[in-house]
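Enquirer: Mind looking over this structure? Questions follow.
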Amino acid sequence: MDKITLGPMPYMSVMPTLLVGANVKGKPNYMTAAWATVACMVPPMVCVAINKARYTAKGIEENKTFSLNVPSANHVVETDHCGLVSGAQVDKSGVFRSFYGRLNTAPLAEECPVNIECRLFTSVDCGSHLLYVGEVVEIHADRACVTDGKLDIAKISPIVYAQSAYFGVGEHVGKAFSAGTKYRKK
Ligand SMILES: Cc1cc2nc3c(=O)[nH]c(=O)nc-3n(C[C@H](O)[C@H](O)[C@H](O)COP(=O)(O)O)c2cc1C
């Protein structure tokens, strides 16, 4: 073994690149977010860590709703733009076309192949960031990105975030809940 210590930091090997949608003062705003994941299976929940200073946080607090939108690799420029500028200074409502689903106040980005519509379940004050946990009320998906009723990662072409860079999805290296059956004790 040859390990070194790097000190405590909020590290994850890879993260998704998402756009958090929230209405602020009645207008859609989209913020790039990578600190997000699934939080619960039943009921279905997702979560995202948002710095208290973000304009987006105001909208989530205001409406108790938000969306997580999954951009495709062909929208890297628009996606990064939403992470470079704040809705407090720049109107980002036109970066994506917005539509609404079951909730009236969670804007969904039409150009993103998957939209996760959420009602705020709870938020956890972790310090600089609030962890917003949202109950998923609906998933909207481009028909072209669904194969046999399931979301198809190859068609969605999501953006992976790691090391301050954007990546496409890498090669398939094994089948989950299956590859492990080949394990033999050494
Ligand atoms: C790739 C990337 C990932 C980001 N992830 C997060 C995140 O998970 N949480 C967060 O609070 N800010 C994150 N940011 C920063 C915000 O997107 C950025 O501050 C944005 O301007 C906030 O927009 P708003 O003020 O309109 O909400 C990220 C930025 C980039 C470029």
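Letters A, B, ... go to the chains of the structure tokens in the order shown; residues in each chain start at 1; ligands are counted from 1 in the same order.
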Please identify all polymer residues within 12 Å of Asp142 (chain A), counting only C-alpha atoms, omitting same-chain residues fewer than 6 positions from it, and present them as a VMD selection string.
Expert: chain A and resid 69 to 72 109 to 115 149 to 152 155 to 156
Enquirer: Taking only C-alpha atoms and all ligand atoms and a cut-off of 6 Å, can you tell me which residues surround ligand 1, written as a ChimeraX atom specification?
Expert: /A:31-35,49-51,54-56,80,82-88
Enquirer: For a quick check of understanding, using only C-alpha atoms, which of A:Ser128, A:Asn23, A:Thr17, A:Thr5 has the smallest distance to Phe66 (chain A)?
Expert: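 Among A:Ser128, A:Asn23, A:Thr17, A:Thr5, it is A:Asn23 that comes nearest to Phe66 (chain A).
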Enquirer: Output as JSON, numbers by chain all residues of region 64-186 of chain A that backbone DSSP marks as strand (DSSP E or B).
Expert: {"A": [65, 66, 67, 68, 69, 70, 72, 98, 99, 108, 109, 114, 115, 116, 117, 118, 119, 120, 121, 122, 123, 124, 125, 129, 130, 131, 132, 133, 134, 135, 136, 137, 138, 139, 140, 141, 146, 147, 150, 151, 158, 160, 161, 162, 165, 166, 167]}
Enquirer: Take the residues just selected and output them with N, CA and C atoms as a short mmCIF file (atom, residue, chain, number, x, y, z; two decimals), in the first residue's frame.
Expert:
data_model
loop_
_atom_site.label_atom_id
_atom_site.label_comp_id
_atom_site.auth_asym_id
_atom_site.auth_seq_id
_atom_site.Cartn_x
_atom_site.Cartn_y
_atom_site.Cartn_z
N THR A 65 -40.51 24.41 -4.33
CA THR A 65 -40.42 23.50 -5.47
C THR A 65 -39.14 23.81 -6.23
N PHE A 66 -38.67 22.84 -7.00
CA PHE A 66 -37.52 23.05 -7.89
C PHE A 66 -37.47 21.90 -8.89
N SER A 67 -36.61 22.03 -9.86
CA SER A 67 -36.42 20.93 -10.81
C SER A 67 -34.94 20.64 -10.97
N LEU A 68 -34.64 19.40 -11.32
CA LEU A 68 -33.28 19.05 -11.73
C LEU A 68 -33.39 18.65 -13.19
N ASN A 69 -32.65 19.34 -14.03
CA ASN A 69 -32.71 19.10 -15.47
C ASN A 69 -31.38 18.50 -15.92
N VAL A 70 -31.47 17.48 -16.75
CA VAL A 70 -30.26 16.77 -17.21
C VAL A 70 -29.90 17.25 -18.62
N SER A 72 -27.70 17.56 -22.12
CA SER A 72 -26.89 16.67 -22.96
C SER A 72 -25.56 17.34 -23.28
N SER A 98 -38.70 27.25 -21.11
CA SER A 98 -39.28 26.64 -19.91
C SER A 98 -40.68 26.12 -20.17
N PHE A 99 -40.97 25.00 -19.51
CA PHE A 99 -42.36 24.51 -19.47
C PHE A 99 -42.63 24.05 -18.04
N LEU A 108 -39.12 23.78 -16.00
CA LEU A 108 -38.41 22.63 -16.58
C LEU A 108 -37.82 23.08 -17.91
N ALA A 109 -36.58 22.70 -18.16
CA ALA A 109 -35.87 23.15 -19.37
C ALA A 109 -36.15 22.20 -20.53
N VAL A 114 -34.06 15.08 -19.96
CA VAL A 114 -34.74 14.57 -18.76
C VAL A 114 -34.94 15.72 -17.78
N ASN A 115 -36.14 15.80 -17.24
CA ASN A 115 -36.48 16.85 -16.26
C ASN A 115 -37.08 16.17 -15.05
N ILE A 116 -36.52 16.46 -13.89
CA ILE A 116 -36.98 15.86 -12.63
C ILE A 116 -37.72 16.96 -11.85
N GLU A 117 -39.00 16.76 -11.70
CA GLU A 117 -39.84 17.79 -11.06
C GLU A 117 -39.96 17.46 -9.58
N CYS A 118 -39.63 18.42 -8.74
CA CYS A 118 -39.55 18.14 -7.30
C CYS A 118 -40.34 19.10 -6.43
N ARG A 119 -40.92 18.52 -5.39
CA ARG A 119 -41.52 19.32 -4.32
C ARG A 119 -40.55 19.24 -3.15
N LEU A 120 -40.23 20.38 -2.56
CA LEU A 120 -39.26 20.38 -1.47
C LEU A 120 -39.76 19.55 -0.30
N PHE A 121 -38.96 18.58 0.10
CA PHE A 121 -39.32 17.71 1.23
C PHE A 121 -38.72 18.28 2.51
N THR A 122 -37.44 18.57 2.44
CA THR A 122 -36.77 19.19 3.58
C THR A 122 -35.46 19.82 3.12
N SER A 123 -34.89 20.63 3.98
CA SER A 123 -33.54 21.13 3.69
C SER A 123 -32.71 21.00 4.96
N VAL A 124 -31.46 20.70 4.74
CA VAL A 124 -30.54 20.52 5.87
C VAL A 124 -29.47 21.60 5.77
N ASP A 125 -29.33 22.37 6.82
CA ASP A 125 -28.32 23.44 6.85
C ASP A 125 -26.99 22.80 7.24
N HIS A 129 -23.53 25.44 2.61
CA HIS A 129 -24.54 24.93 1.69
C HIS A 129 -25.77 24.37 2.43
N LEU A 130 -26.89 24.50 1.75
CA LEU A 130 -28.12 23.85 2.22
C LEU A 130 -28.31 22.62 1.35
N LEU A 131 -28.58 21.49 1.97
CA LEU A 131 -28.88 20.30 1.19
C LEU A 131 -30.40 20.25 1.01
N TYR A 132 -30.82 20.48 -0.21
CA TYR A 132 -32.27 20.47 -0.50
C TYR A 132 -32.67 19.07 -0.94
N VAL A 133 -33.60 18.49 -0.22
CA VAL A 133 -34.11 17.17 -0.57
C VAL A 133 -35.49 17.37 -1.20
N GLY A 134 -35.65 16.85 -2.38
CA GLY A 134 -36.92 17.04 -3.09
C GLY A 134 -37.60 15.73 -3.37
N GLU A 135 -38.91 15.69 -3.13
CA GLU A 135 -39.69 14.51 -3.52
C GLU A 135 -40.00 14.64 -5.01
N VAL A 136 -39.68 13.60 -5.76
CA VAL A 136 -39.89 13.63 -7.21
C VAL A 136 -41.38 13.42 -7.49
N VAL A 137 -42.01 14.42 -8.10
CA VAL A 137 -43.44 14.27 -8.40
C VAL A 137 -43.66 13.81 -9.84
N GLU A 138 -42.66 14.04 -10.69
CA GLU A 138 -42.77 13.55 -12.07
C GLU A 138 -41.40 13.59 -12.75
N ILE A 139 -41.22 12.66 -13.67
CA ILE A 139 -40.03 12.69 -14.54
C ILE A 139 -40.55 12.93 -15.95
N HIS A 140 -40.01 13.92 -16.61
CA HIS A 140 -40.37 14.20 -18.01
C HIS A 140 -39.17 13.80 -18.85
N ALA A 141 -39.40 13.11 -19.94
CA ALA A 141 -38.28 12.65 -20.76
C ALA A 141 -38.60 12.81 -22.24
N VAL A 146 -35.88 7.36 -24.63
CA VAL A 146 -36.44 6.23 -23.88
C VAL A 146 -36.41 4.99 -24.77
N THR A 147 -35.82 3.91 -24.25
CA THR A 147 -35.77 2.64 -24.98
C THR A 147 -36.48 1.59 -24.12
N LYS A 150 -37.50 2.63 -20.71
CA LYS A 150 -36.48 3.06 -19.74
C LYS A 150 -35.62 4.18 -20.31
N LEU A 151 -35.18 5.06 -19.41
CA LEU A 151 -34.29 6.14 -19.84
C LEU A 151 -32.99 5.51 -20.33
N PRO A 158 -25.57 12.37 -21.04
CA PRO A 158 -25.40 13.34 -19.95
C PRO A 158 -23.95 13.80 -19.82
N VAL A 160 -20.77 14.43 -17.49
CA VAL A 160 -20.14 14.05 -16.22
C VAL A 160 -19.23 15.20 -15.78
N TYR A 161 -19.25 15.51 -14.49
CA TYR A 161 -18.39 16.58 -13.96
C TYR A 161 -17.33 15.97 -13.05
N ALA A 162 -16.08 16.29 -13.30
CA ALA A 162 -14.98 15.84 -12.44
C ALA A 162 -13.77 16.72 -12.71
N ALA A 165 -13.92 19.81 -14.89
CA ALA A 165 -14.06 19.62 -16.34
C ALA A 165 -15.32 18.80 -16.62
N TYR A 166 -15.75 18.88 -17.87
CA TYR A 166 -16.93 18.13 -18.31
C TYR A 166 -16.47 16.95 -19.17
N PHE A 167 -17.09 15.82 -18.95
CA PHE A 167 -16.77 14.62 -19.71
C PHE A 167 -18.06 13.98 -20.24
#
Enquirer: If DSSP is run on the backbone, what residues of chain A are alpha helix (DSSP H)? A reply as number ranges by chain would be ideal.
Expert: A: 55-63, 76-84, 153-156
Enquirer: A:Gly21, A:Gly101, A:Gly174, A:Pro43: which is nearest Asn63 (chain A), counting only C-alpha atoms?
Expert: A:Gly21
Enquirer: Could you please determine the separation between CA of Asp148 (chain A) and CA of Leu18 (chain A) in Å, to one decimal place?
Expert: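 Going from CA of Asp148 (chain A) over to CA of Leu18 (chain A) covers 24.4 Å.
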Enquirer: Mind pulling up the distance from CA of Met41 (chain A) to CA of Ala179 (chain A)?
Expert: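 For CA of Ala179 (chain A) relative to CA of Met41 (chain A), the distance reads 22.7 Å.
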